Amino acid sequence: MGRISRKSCCLLIPLEGHTTGEAIYVKLEELFKLHSLSFERVNLIVTDGAPPMVGKHRGLVSRLKEHAPQMHALHCLIHQSVLCARLNGELKDVMDKVMKVINFVRGTSSTQHRLFRQLVAESADATHDDLLLHNDVRWLSKGKALDRFCALLNEIKAFLGMSKSKATADHLILLEDEKFMSNVAFLSDIFGHLNLLNLQLQGRDKTIVDMVEKLESFTRKLEMLEADISTGRLLHFSTLKKTAGEVTELMVDFIKGLRANFTSRFDDYSIPKDIIDFIRHPAVKPADNFSSLAKEMIPSLDQAALEMEMVDFQTTSVVRDALRSAETVSAFWVGLLGSEEYSNLKKLALFILTMFPSTYVCESSFSAMNVIKTHERNRLTNQNLENCLRIKVMSISPDIQKIVTSGRCHFSH
């Protein structure tokens with residue numbers, strides 16, 4: 001099923017046949033016509049980067065831009081941050097071997113898994129009750145699995161030592177290898193930092209301004225992490241420091257590559273950086289070509305009026321006071337809606353702030369849908385599924401007490 005998401009509603013589009021870009025476009029076109037909507041009102045489409053979405057000729061983005069040239073396209077920022085940390089070479093081999101150990105303990109048999117959990121429960125030093133399996137589809141999976149593996153390392157060794165399986169000898173040799181365990185500890189630390197970033201990027205009300213701020217901050221943190229591990233201080237690599245592991249060139253190179261990936265991937269947000277910077281810091285003087293960039297984004301803007309508004313906007317004390325008292329950047333711009341002034345500036349700000357910077361809302365809604373639509377509920381119709389999902393994801397809480405008291409009750413005789 002495809003999904004259209006807005007902060008106030010949710011629409012499901014059944015895709016019962018092909019899921020090509022053309023098929024998705026046809027379904028979207030039917031839906032927009034049904035609700036008297038226009039593609040020209042859409043300012044941004046966010047995708048997961050899959051070929052049916054971003055294909056050059058027949059991808060959904062290409063088809064939409066044929067009818068709405070003003071529409072911008074963006075690869076989900078959370079998804080991109082995950083792609084930046086893809087493993088290869090020796091570190092990928094390390095991760096694969098860790099997963100083999102975890103799968104051996106958890107997946108060989110239900111009895112073996114149960115015995116391991118019993119051993120962990122009886123351990124006075126264990127901080128967790130089980131290992132976690134890794135799933136590439138889940139954003140936080142790799143970091144959580146590594147963290148749990150390191151936390152239960154002593155229990156894993158003890159359990160493998162009691163096992164009579166031939167494979168345990170190879171696993172134990174691996175866990176006693178200092179170089180291997182240093183790499184495991186390093187991966188646990190670095191993916192811990194990446195998971196923290198991921199959590200900061202998640203959320204229903206995150207704007208593109210919020211997410212750009214977090215991504216720029218993390219890119220700078222990577223410079224600090226590179227210096228920290230290069231000098232051997234390991235202030236930000238607690239697991240590696242605890243295991244007294246050796247810092248290798250492989251670790252330093254991985255962080256350098258990670259920083260290069262973040263710098264290159266997030267150099268262009270499909271929206272001029274100067275525009276985003278101004279929305280985030282309205283008190284700072286924008287670039288000289290600011291009005292031209294804004295005009296390119298929104299052709300209906302009055303460029304001359306926008307430049308005049310900019311001067312008034314940045315010199316009045318009322319705006320500065322409102323900016324200081326606002327809890328967030330979004331709250332500041334929303335607070336200006338009641339004013340009759342700065343119409344072009346407000347139009348530009350709302351254009352940016354209403355953009356979805358990630359697929360988080362869709363991903364979380366799909367998770368909710370999987371809970372609702374189970375094998376036991378296989379007769380659930382598409383319409384009823386949409387209604388159930390809307391109730392689940394909507395932010396409005398019904399006043400049950402008021403509904404009950406205002407209704408008429410029918411008691412059985």
# chains A, B, ... in the order shown; residues from 1 in each chain; ligands from 1
$ closest_atom_pairs --of "stretch 176-259 of chain A" --to "stretch 68-85 of chain A" --cutoff "7 Å" --atoms "only C-alpha atoms" --output "Markdown table"
| residue | atom | partner | partner_atom | distance |
| --- | --- | --- | --- | --- |
| A:Asn198 | CA | A:Ile78 | CA | 6.6 |
| A:Leu201 | CA | A:Ile78 | CA | 6.5 |
| A:Leu258 | CA | A:Cys84 | CA | 6.2 |
$ residues_around --residues "stretch 187-190 of chain A" --least-positions-apart "3" --cutoff "9 Å" --atoms "only C-alpha atoms" --output "JSON, numbers by chain"
{"A": [91, 95, 142, 143, 144, 145, 146, 147, 148, 149, 150, 182, 183, 184, 193, 194, 195, 225, 236, 237, 238, 239, 240, 251, 255]}
$ residues_around --residues "A:Glu246" --least-positions-apart "4" --cutoff "12 Å" --atoms "only C-alpha atoms" --output "list in words"
Asp177, Glu178, Lys179, Phe180, Met181, Ser182, Asn183, Val184, Ala185, Phe186, Ile229, Ser230, Thr231, Gly232, Arg233, Leu234, Phe237, Thr239, Leu240, Lys241, Lys242, Leu250, Met251 and Val252 of chain A
$ write_last_selection --atoms "N, CA, C and O atoms" --output "mmCIF file, in the first residue's frame"
data_model
loop_
_atom_site.group_PDB
_atom_site.id
_atom_site.type_symbol
_atom_site.label_atom_id
_atom_site.label_comp_id
_atom_site.auth_asym_id
_atom_site.auth_seq_id
_atom_site.Cartn_x
_atom_site.Cartn_y
_atom_site.Cartn_z
ATOM 1 N N ASP A 177 40.057 -12.767 20.526
ATOM 2 C CA ASP A 177 40.961 -12.016 19.645
ATOM 3 C C ASP A 177 40.858 -10.524 19.979
ATOM 4 O O ASP A 177 39.814 -9.900 19.783
ATOM 5 N N GLU A 178 41.939 -9.946 20.467
ATOM 6 C CA GLU A 178 41.926 -8.541 20.916
ATOM 7 C C GLU A 178 41.645 -7.575 19.767
ATOM 8 O O GLU A 178 40.905 -6.594 19.936
ATOM 9 N N LYS A 179 42.216 -7.829 18.604
ATOM 10 C CA LYS A 179 42.001 -6.934 17.459
ATOM 11 C C LYS A 179 40.535 -6.967 17.032
ATOM 12 O O LYS A 179 39.925 -5.914 16.768
ATOM 13 N N PHE A 180 39.971 -8.166 16.977
ATOM 14 C CA PHE A 180 38.570 -8.303 16.590
ATOM 15 C C PHE A 180 37.668 -7.580 17.574
ATOM 16 O O PHE A 180 36.766 -6.824 17.181
ATOM 17 N N MET A 181 37.895 -7.786 18.874
ATOM 18 C CA MET A 181 37.037 -7.173 19.880
ATOM 19 C C MET A 181 37.225 -5.653 19.939
ATOM 20 O O MET A 181 36.297 -4.924 20.293
ATOM 21 N N SER A 182 38.403 -5.173 19.586
ATOM 22 C CA SER A 182 38.624 -3.713 19.506
ATOM 23 C C SER A 182 37.749 -3.121 18.403
ATOM 24 O O SER A 182 37.134 -2.061 18.577
ATOM 25 N N ASN A 183 37.682 -3.825 17.272
ATOM 26 C CA ASN A 183 36.834 -3.354 16.172
ATOM 27 C C ASN A 183 35.354 -3.401 16.550
ATOM 28 O O ASN A 183 34.580 -2.503 16.187
ATOM 29 N N VAL A 184 34.959 -4.445 17.291
ATOM 30 C CA VAL A 184 33.569 -4.546 17.743
ATOM 31 C C VAL A 184 33.242 -3.381 18.674
ATOM 32 O O VAL A 184 32.184 -2.745 18.549
ATOM 33 N N ALA A 185 34.144 -3.090 19.614
ATOM 34 C CA ALA A 185 33.930 -1.991 20.562
ATOM 35 C C ALA A 185 33.860 -0.652 19.829
ATOM 36 O O ALA A 185 33.020 0.206 20.151
ATOM 37 N N PHE A 186 34.714 -0.482 18.827
ATOM 38 C CA PHE A 186 34.688 0.755 18.035
ATOM 39 C C PHE A 186 33.355 0.918 17.304
ATOM 40 O O PHE A 186 32.751 2.002 17.319
ATOM 41 N N ILE A 229 39.852 10.080 18.540
ATOM 42 C CA ILE A 229 40.388 8.730 18.363
ATOM 43 C C ILE A 229 41.813 8.747 17.808
ATOM 44 O O ILE A 229 42.625 7.860 18.102
ATOM 45 N N SER A 230 42.160 9.780 17.039
ATOM 46 C CA SER A 230 43.513 9.883 16.478
ATOM 47 C C SER A 230 44.554 10.114 17.566
ATOM 48 O O SER A 230 45.678 9.599 17.496
ATOM 49 N N THR A 231 44.173 10.887 18.582
ATOM 50 C CA THR A 231 45.097 11.179 19.689
ATOM 51 C C THR A 231 45.097 10.102 20.756
ATOM 52 O O THR A 231 45.936 10.130 21.663
ATOM 53 N N GLY A 232 44.131 9.174 20.681
ATOM 54 C CA GLY A 232 44.066 8.098 21.661
ATOM 55 C C GLY A 232 43.408 8.480 22.969
ATOM 56 O O GLY A 232 43.454 7.711 23.942
ATOM 57 N N ARG A 233 42.770 9.654 23.044
ATOM 58 C CA ARG A 233 42.110 10.055 24.292
ATOM 59 C C ARG A 233 40.887 9.191 24.566
ATOM 60 O O ARG A 233 40.616 8.836 25.705
ATOM 61 N N LEU A 234 40.123 8.919 23.527
ATOM 62 C CA LEU A 234 38.935 8.054 23.592
ATOM 63 C C LEU A 234 37.897 8.554 24.595
ATOM 64 O O LEU A 234 37.227 7.757 25.263
ATOM 65 N N PHE A 237 34.662 7.375 23.089
ATOM 66 C CA PHE A 237 34.644 5.962 22.706
ATOM 67 C C PHE A 237 34.809 5.129 23.967
ATOM 68 O O PHE A 237 35.829 4.467 24.177
ATOM 69 N N THR A 239 33.328 2.393 25.134
ATOM 70 C CA THR A 239 33.422 0.932 25.039
ATOM 71 C C THR A 239 34.820 0.513 24.607
ATOM 72 O O THR A 239 35.398 -0.435 25.163
ATOM 73 N N LEU A 240 35.386 1.215 23.637
ATOM 74 C CA LEU A 240 36.742 0.920 23.175
ATOM 75 C C LEU A 240 37.752 1.176 24.282
ATOM 76 O O LEU A 240 38.701 0.406 24.466
ATOM 77 N N LYS A 241 37.549 2.238 25.036
ATOM 78 C CA LYS A 241 38.456 2.562 26.139
ATOM 79 C C LYS A 241 38.358 1.525 27.252
ATOM 80 O O LYS A 241 39.365 1.138 27.859
ATOM 81 N N LYS A 242 37.144 1.065 27.534
ATOM 82 C CA LYS A 242 36.919 0.076 28.595
ATOM 83 C C LYS A 242 37.595 -1.251 28.279
ATOM 84 O O LYS A 242 38.121 -1.930 29.178
ATOM 85 N N LEU A 250 42.401 1.706 10.550
ATOM 86 C CA LEU A 250 41.092 1.348 9.993
ATOM 87 C C LEU A 250 39.981 2.169 10.651
ATOM 88 O O LEU A 250 39.064 2.653 9.975
ATOM 89 N N MET A 251 40.048 2.350 11.958
ATOM 90 C CA MET A 251 39.033 3.110 12.692
ATOM 91 C C MET A 251 39.064 4.583 12.294
ATOM 92 O O MET A 251 38.021 5.193 12.051
ATOM 93 N N VAL A 252 40.263 5.139 12.232
ATOM 94 C CA VAL A 252 40.413 6.553 11.870
ATOM 95 C C VAL A 252 39.902 6.789 10.449
ATOM 96 O O VAL A 252 39.197 7.762 10.184
#
$ select_by_dssp --residues "stretch 125-181 of chain A" --states "helix (DSSP H, G or I)" --output "VMD selection string"
chain A and resid 141 to 151 153 to 162 167 to 175 178 to 181
$ atom_distance --atom1 "atom CA of A:Ile24" --atom2 "atom CA of A:Lys206"
26.2 Å
$ closest_residue --among "A:Ile279, A:Asp170, A:Gln112, A:Ala260" --to "A:Lys346" --atoms "only C-alpha atoms"
A:Ile279
$ residues_around --residues "A:Leu323" --least-positions-apart "4" --cutoff "12 Å" --atoms "only C-alpha atoms" --output "JSON, numbers by chain"
{"A": [279, 280, 281, 282, 283, 284, 313, 314, 316, 317, 318, 319, 327, 328, 329, 330, 331, 332, 333, 334, 335, 336]}
$ atom_distance --atom1 "atom CA of A:Ala169" --atom2 "atom CA of A:Ser141"
27.1 Å
$ residues_around --residues "stretch 59-66 of chain A" --least-positions-apart "6" --cutoff "9 Å" --atoms "only C-alpha atoms" --output "PDB file with N, CA and C atoms, in the first residue's frame"
ATOM      1  N   THR A  20       5.318   0.329  -9.798  1.00  0.00           N
ATOM      2  CA  THR A  20       6.227   1.180 -10.567  1.00  0.00           C
ATOM      3  C   THR A  20       5.891   2.646 -10.316  1.00  0.00           C
ATOM      4  N   GLY A  21       6.796   3.521 -10.740  1.00  0.00           N
ATOM      5  CA  GLY A  21       6.548   4.945 -10.596  1.00  0.00           C
ATOM      6  C   GLY A  21       5.297   5.385 -11.332  1.00  0.00           C
ATOM      7  N   GLU A  22       5.064   4.805 -12.510  1.00  0.00           N
ATOM      8  CA  GLU A  22       3.892   5.150 -13.305  1.00  0.00           C
ATOM      9  C   GLU A  22       2.605   4.709 -12.601  1.00  0.00           C
ATOM     10  N   ALA A  23       2.631   3.498 -12.019  1.00  0.00           N
ATOM     11  CA  ALA A  23       1.446   2.989 -11.320  1.00  0.00           C
ATOM     12  C   ALA A  23       1.109   3.855 -10.104  1.00  0.00           C
ATOM     13  N   ILE A  24       2.142   4.260  -9.390  1.00  0.00           N
ATOM     14  CA  ILE A  24       1.922   5.110  -8.211  1.00  0.00           C
ATOM     15  C   ILE A  24       1.387   6.474  -8.640  1.00  0.00           C
ATOM     16  N   TYR A  25       1.941   6.994  -9.732  1.00  0.00           N
ATOM     17  CA  TYR A  25       1.494   8.299 -10.230  1.00  0.00           C
ATOM     18  C   TYR A  25       0.013   8.265 -10.621  1.00  0.00           C
ATOM     19  N   PHE A  39      -1.663  19.229  -7.951  1.00  0.00           N
ATOM     20  CA  PHE A  39      -0.240  18.988  -7.735  1.00  0.00           C
ATOM     21  C   PHE A  39       0.533  20.305  -7.610  1.00  0.00           C
ATOM     22  N   ILE A  45       8.286  16.648  -2.389  1.00  0.00           N
ATOM     23  CA  ILE A  45       8.007  15.224  -2.248  1.00  0.00           C
ATOM     24  C   ILE A  45       9.259  14.561  -1.682  1.00  0.00           C
ATOM     25  N   THR A  47      11.215  11.016  -0.705  1.00  0.00           N
ATOM     26  CA  THR A  47      11.232   9.604  -1.076  1.00  0.00           C
ATOM     27  C   THR A  47      12.324   8.862  -0.306  1.00  0.00           C
ATOM     28  N   PRO A  51      14.286   3.210  -6.952  1.00  0.00           N
ATOM     29  CA  PRO A  51      14.136   3.493  -8.399  1.00  0.00           C
ATOM     30  C   PRO A  51      12.720   3.873  -8.830  1.00  0.00           C
ATOM     31  N   PRO A  52      11.662   3.208  -8.341  1.00  0.00           N
ATOM     32  CA  PRO A  52      10.322   3.633  -8.772  1.00  0.00           C
ATOM     33  C   PRO A  52      10.002   5.074  -8.384  1.00  0.00           C
ATOM     34  N   MET A  53      10.700   5.588  -7.389  1.00  0.00           N
ATOM     35  CA  MET A  53      10.459   6.959  -6.945  1.00  0.00           C
ATOM     36  C   MET A  53      11.314   7.968  -7.703  1.00  0.00           C
ATOM     37  N   HIS A  72       9.692  20.407  -5.517  1.00  0.00           N
ATOM     38  CA  HIS A  72      11.050  19.981  -5.192  1.00  0.00           C
ATOM     39  C   HIS A  72      11.014  18.528  -4.720  1.00  0.00           C
ATOM     40  N   ALA A  73      12.149  17.844  -4.866  1.00  0.00           N
ATOM     41  CA  ALA A  73      12.248  16.444  -4.428  1.00  0.00           C
ATOM     42  C   ALA A  73      13.424  16.308  -3.475  1.00  0.00           C
TER      43      ALA A  73
END
$ residues_around --residues "stretch 123-129 of chain A" --least-positions-apart "4" --cutoff "7 Å" --atoms "only C-alpha atoms" --output "number ranges by chain"
A: 117, 119, 151-152
$ residues_around --residues "A:Arg106" --least-positions-apart "2" --cutoff "9 Å" --atoms "only C-alpha atoms" --output "PyMOL selection string"
chain A and resi 101-104+108-110+112-114+116+130-133
$ write_last_selection --atoms "N, CA, C and O atoms" --output "CSV table (one decimal), in the first residue's frame"
chain,number,residue,atom,x,y,z
A,101,VAL,N,27.6,-15.0,15.7
A,101,VAL,CA,27.6,-15.4,17.1
A,101,VAL,C,26.2,-15.2,17.7
A,101,VAL,O,25.7,-16.1,18.4
A,102,ILE,N,25.6,-14.0,17.5
A,102,ILE,CA,24.3,-13.8,18.0
A,102,ILE,C,23.3,-14.8,17.5
A,102,ILE,O,22.5,-15.3,18.2
A,103,ASN,N,23.3,-15.0,16.2
A,103,ASN,CA,22.4,-16.0,15.6
A,103,ASN,C,22.6,-17.4,16.1
A,103,ASN,O,21.7,-18.2,16.3
A,104,PHE,N,23.9,-17.7,16.4
A,104,PHE,CA,24.2,-19.1,17.0
A,104,PHE,C,23.5,-19.2,18.3
A,104,PHE,O,22.9,-20.2,18.7
A,108,THR,N,20.0,-21.1,17.0
A,108,THR,CA,20.3,-22.6,16.8
A,108,THR,C,19.1,-23.4,17.2
A,108,THR,O,18.7,-24.3,16.5
A,109,SER,N,18.5,-23.1,18.4
A,109,SER,CA,17.3,-23.9,18.8
A,109,SER,C,16.7,-23.0,19.9
A,109,SER,O,17.3,-22.2,20.6
A,110,SER,N,15.4,-23.3,20.1
A,110,SER,CA,14.7,-22.5,21.2
A,110,SER,C,15.2,-22.9,22.5
A,110,SER,O,15.2,-22.1,23.5
A,112,GLN,N,18.3,-23.8,23.3
A,112,GLN,CA,19.6,-23.1,23.5
A,112,GLN,C,19.4,-21.6,23.9
A,112,GLN,O,20.0,-21.1,24.8
A,113,HIS,N,18.4,-21.0,23.2
A,113,HIS,CA,18.1,-19.6,23.5
A,113,HIS,C,17.6,-19.4,24.9
A,113,HIS,O,17.9,-18.5,25.6
A,114,ARG,N,16.7,-20.4,25.3
A,114,ARG,CA,16.2,-20.3,26.6
A,114,ARG,C,17.2,-20.5,27.7
A,114,ARG,O,17.2,-19.9,28.7
A,116,PHE,N,20.4,-19.7,27.4
A,116,PHE,CA,21.2,-18.5,27.5
A,116,PHE,C,20.5,-17.4,28.3
A,116,PHE,O,21.1,-16.8,29.2
A,130,ASP,N,18.8,-10.3,27.3
A,130,ASP,CA,18.9,-11.1,26.0
A,130,ASP,C,19.7,-10.3,25.0
A,130,ASP,O,19.9,-9.1,25.1
A,131,LEU,N,20.2,-11.0,24.0
A,131,LEU,CA,20.8,-10.4,22.8
A,131,LEU,C,19.7,-9.9,21.8
A,131,LEU,O,18.6,-10.4,21.9
A,132,LEU,N,20.1,-9.0,21.0
A,132,LEU,CA,19.2,-8.5,20.0
A,132,LEU,C,19.6,-8.9,18.6
A,132,LEU,O,20.8,-8.8,18.2
A,133,LEU,N,18.7,-9.3,17.7
A,133,LEU,CA,19.0,-9.6,16.3
A,133,LEU,C,19.1,-8.3,15.5
A,133,LEU,O,18.5,-7.3,15.9
$ closest_residue --among "A:Val54, A:Pro14, A:Leu337, A:Lys402" --to "A:Thr381" --atoms "only C-alpha atoms"
A:Pro14
$ closest_residue --among "A:Leu348, A:Asn382, A:Thr111, A:Ser397" --to "A:Leu15" --atoms "only C-alpha atoms"
A:Asn382
$ select_by_dssp --residues "stretch 28-240 of chain A" --states "strand (DSSP E)" --output "VMD selection string"
chain A and resid 44 to 47 72 to 75
$ write_last_selection --atoms "N, CA, C and O atoms" --output "PDB file, in the first residue's frame"
ATOM      1  N   LEU A  44       6.972  19.923  -1.959  1.00  0.00           N
ATOM      2  CA  LEU A  44       8.089  18.987  -1.819  1.00  0.00           C
ATOM      3  C   LEU A  44       7.566  17.556  -1.754  1.00  0.00           C
ATOM      4  O   LEU A  44       6.543  17.294  -1.130  1.00  0.00           O
ATOM      5  N   ILE A  45       8.286  16.648  -2.389  1.00  0.00           N
ATOM      6  CA  ILE A  45       8.007  15.224  -2.248  1.00  0.00           C
ATOM      7  C   ILE A  45       9.259  14.561  -1.682  1.00  0.00           C
ATOM      8  O   ILE A  45      10.369  14.774  -2.178  1.00  0.00           O
ATOM      9  N   VAL A  46       9.090  13.791  -0.614  1.00  0.00           N
ATOM     10  CA  VAL A  46      10.205  13.098   0.033  1.00  0.00           C
ATOM     11  C   VAL A  46      10.111  11.615  -0.292  1.00  0.00           C
ATOM     12  O   VAL A  46       9.045  11.017  -0.175  1.00  0.00           O
ATOM     13  N   THR A  47      11.215  11.016  -0.705  1.00  0.00           N
ATOM     14  CA  THR A  47      11.232   9.604  -1.076  1.00  0.00           C
ATOM     15  C   THR A  47      12.324   8.862  -0.306  1.00  0.00           C
ATOM     16  O   THR A  47      13.160   9.472   0.357  1.00  0.00           O
ATOM     17  N   HIS A  72       9.692  20.407  -5.517  1.00  0.00           N
ATOM     18  CA  HIS A  72      11.050  19.981  -5.192  1.00  0.00           C
ATOM     19  C   HIS A  72      11.014  18.528  -4.720  1.00  0.00           C
ATOM     20  O   HIS A  72       9.992  18.034  -4.249  1.00  0.00           O
ATOM     21  N   ALA A  73      12.149  17.844  -4.866  1.00  0.00           N
ATOM     22  CA  ALA A  73      12.248  16.444  -4.428  1.00  0.00           C
ATOM     23  C   ALA A  73      13.424  16.308  -3.475  1.00  0.00           C
ATOM     24  O   ALA A  73      14.460  16.955  -3.637  1.00  0.00           O
ATOM     25  N   LEU A  74      13.251  15.473  -2.479  1.00  0.00           N
ATOM     26  CA  LEU A  74      14.284  15.296  -1.457  1.00  0.00           C
ATOM     27  C   LEU A  74      14.334  13.835  -1.029  1.00  0.00           C
ATOM     28  O   LEU A  74      13.303  13.218  -0.768  1.00  0.00           O
ATOM     29  N   HIS A  75      15.543  13.300  -0.991  1.00  0.00           N
ATOM     30  CA  HIS A  75      15.747  11.954  -0.441  1.00  0.00           C
ATOM     31  C   HIS A  75      15.715  12.074   1.083  1.00  0.00           C
ATOM     32  O   HIS A  75      16.418  12.894   1.656  1.00  0.00           O
TER      33      HIS A  75
END
$ closest_residue --among "A:Glu363, A:Glu40, A:Asp277, A:Glu30" --to "A:Arg204" --atoms "only C-alpha atoms"
A:Glu363
$ closest_residue --among "A:Phe262, A:Ser292, A:Asp399, A:Met369" --to "A:Leu12" --atoms "only C-alpha atoms"
A:Met369
$ decode --residues "stretch 156-164 of chain A" --atoms "all heavy atoms" --output "mmCIF file, in the first residue's frame"
data_model
loop_
_atom_site.group_PDB
_atom_site.id
_atom_site.type_symbol
_atom_site.label_atom_id
_atom_site.label_comp_id
_atom_site.auth_asym_id
_atom_site.auth_seq_id
_atom_site.Cartn_x
_atom_site.Cartn_y
_atom_site.Cartn_z
ATOM 1 N N ILE A 156 28.135 -14.263 27.177
ATOM 2 C CA ILE A 156 28.241 -15.003 25.914
ATOM 3 C C ILE A 156 29.407 -15.980 25.973
ATOM 4 O O ILE A 156 29.292 -17.155 25.572
ATOM 5 C CB ILE A 156 28.417 -14.026 24.730
ATOM 6 C CG1 ILE A 156 27.171 -13.158 24.565
ATOM 7 C CG2 ILE A 156 28.684 -14.794 23.434
ATOM 8 C CD1 ILE A 156 27.348 -12.031 23.568
ATOM 9 N N LYS A 157 30.540 -15.503 26.494
ATOM 10 C CA LYS A 157 31.717 -16.380 26.607
ATOM 11 C C LYS A 157 31.434 -17.560 27.532
ATOM 12 O O LYS A 157 31.787 -18.713 27.233
ATOM 13 C CB LYS A 157 32.907 -15.584 27.137
ATOM 14 C CG LYS A 157 33.510 -14.605 26.149
ATOM 15 C CD LYS A 157 34.697 -13.884 26.782
ATOM 16 C CE LYS A 157 35.352 -12.915 25.816
ATOM 17 N NZ LYS A 157 36.490 -12.190 26.434
ATOM 18 N N ALA A 158 30.797 -17.278 28.654
ATOM 19 C CA ALA A 158 30.480 -18.347 29.609
ATOM 20 C C ALA A 158 29.545 -19.369 28.991
ATOM 21 O O ALA A 158 29.711 -20.587 29.160
ATOM 22 C CB ALA A 158 29.865 -17.742 30.873
ATOM 23 N N PHE A 159 28.558 -18.893 28.247
ATOM 24 C CA PHE A 159 27.593 -19.794 27.622
ATOM 25 C C PHE A 159 28.247 -20.646 26.547
ATOM 26 O O PHE A 159 28.016 -21.854 26.468
ATOM 27 C CB PHE A 159 26.439 -18.987 27.027
ATOM 28 C CG PHE A 159 25.386 -19.824 26.374
ATOM 29 C CD1 PHE A 159 24.467 -20.529 27.130
ATOM 30 C CD2 PHE A 159 25.321 -19.928 24.984
ATOM 31 C CE1 PHE A 159 23.497 -21.316 26.530
ATOM 32 C CE2 PHE A 159 24.352 -20.710 24.380
ATOM 33 C CZ PHE A 159 23.441 -21.407 25.159
ATOM 34 N N LEU A 160 29.083 -20.023 25.709
ATOM 35 C CA LEU A 160 29.764 -20.775 24.661
ATOM 36 C C LEU A 160 30.723 -21.799 25.262
ATOM 37 O O LEU A 160 30.937 -22.882 24.706
ATOM 38 C CB LEU A 160 30.527 -19.816 23.739
ATOM 39 C CG LEU A 160 29.676 -18.878 22.874
ATOM 40 C CD1 LEU A 160 30.571 -17.934 22.078
ATOM 41 C CD2 LEU A 160 28.777 -19.669 21.935
ATOM 42 N N GLY A 161 31.318 -21.460 26.414
ATOM 43 C CA GLY A 161 32.231 -22.390 27.086
ATOM 44 C C GLY A 161 31.533 -23.645 27.573
ATOM 45 O O GLY A 161 32.151 -24.715 27.673
ATOM 46 N N MET A 162 30.244 -23.538 27.873
ATOM 47 C CA MET A 162 29.480 -24.697 28.352
ATOM 48 C C MET A 162 28.871 -25.502 27.208
ATOM 49 O O MET A 162 28.423 -26.627 27.408
ATOM 50 C CB MET A 162 28.350 -24.223 29.278
ATOM 51 C CG MET A 162 28.843 -23.581 30.562
ATOM 52 S SD MET A 162 27.487 -23.185 31.690
ATOM 53 C CE MET A 162 26.609 -21.940 30.737
ATOM 54 N N SER A 163 28.830 -24.937 26.023
ATOM 55 C CA SER A 163 28.205 -25.606 24.892
ATOM 56 C C SER A 163 29.098 -26.716 24.337
ATOM 57 O O SER A 163 30.331 -26.612 24.346
ATOM 58 C CB SER A 163 27.894 -24.593 23.787
ATOM 59 O OG SER A 163 27.363 -25.242 22.661
ATOM 60 N N LYS A 164 28.478 -27.768 23.847
ATOM 61 C CA LYS A 164 29.226 -28.899 23.290
ATOM 62 C C LYS A 164 29.259 -28.859 21.760
ATOM 63 O O LYS A 164 29.805 -29.768 21.131
ATOM 64 C CB LYS A 164 28.573 -30.207 23.748
ATOM 65 C CG LYS A 164 28.614 -30.402 25.258
ATOM 66 C CD LYS A 164 27.952 -31.707 25.662
ATOM 67 C CE LYS A 164 27.979 -31.890 27.178
ATOM 68 N NZ LYS A 164 27.319 -33.163 27.594
#
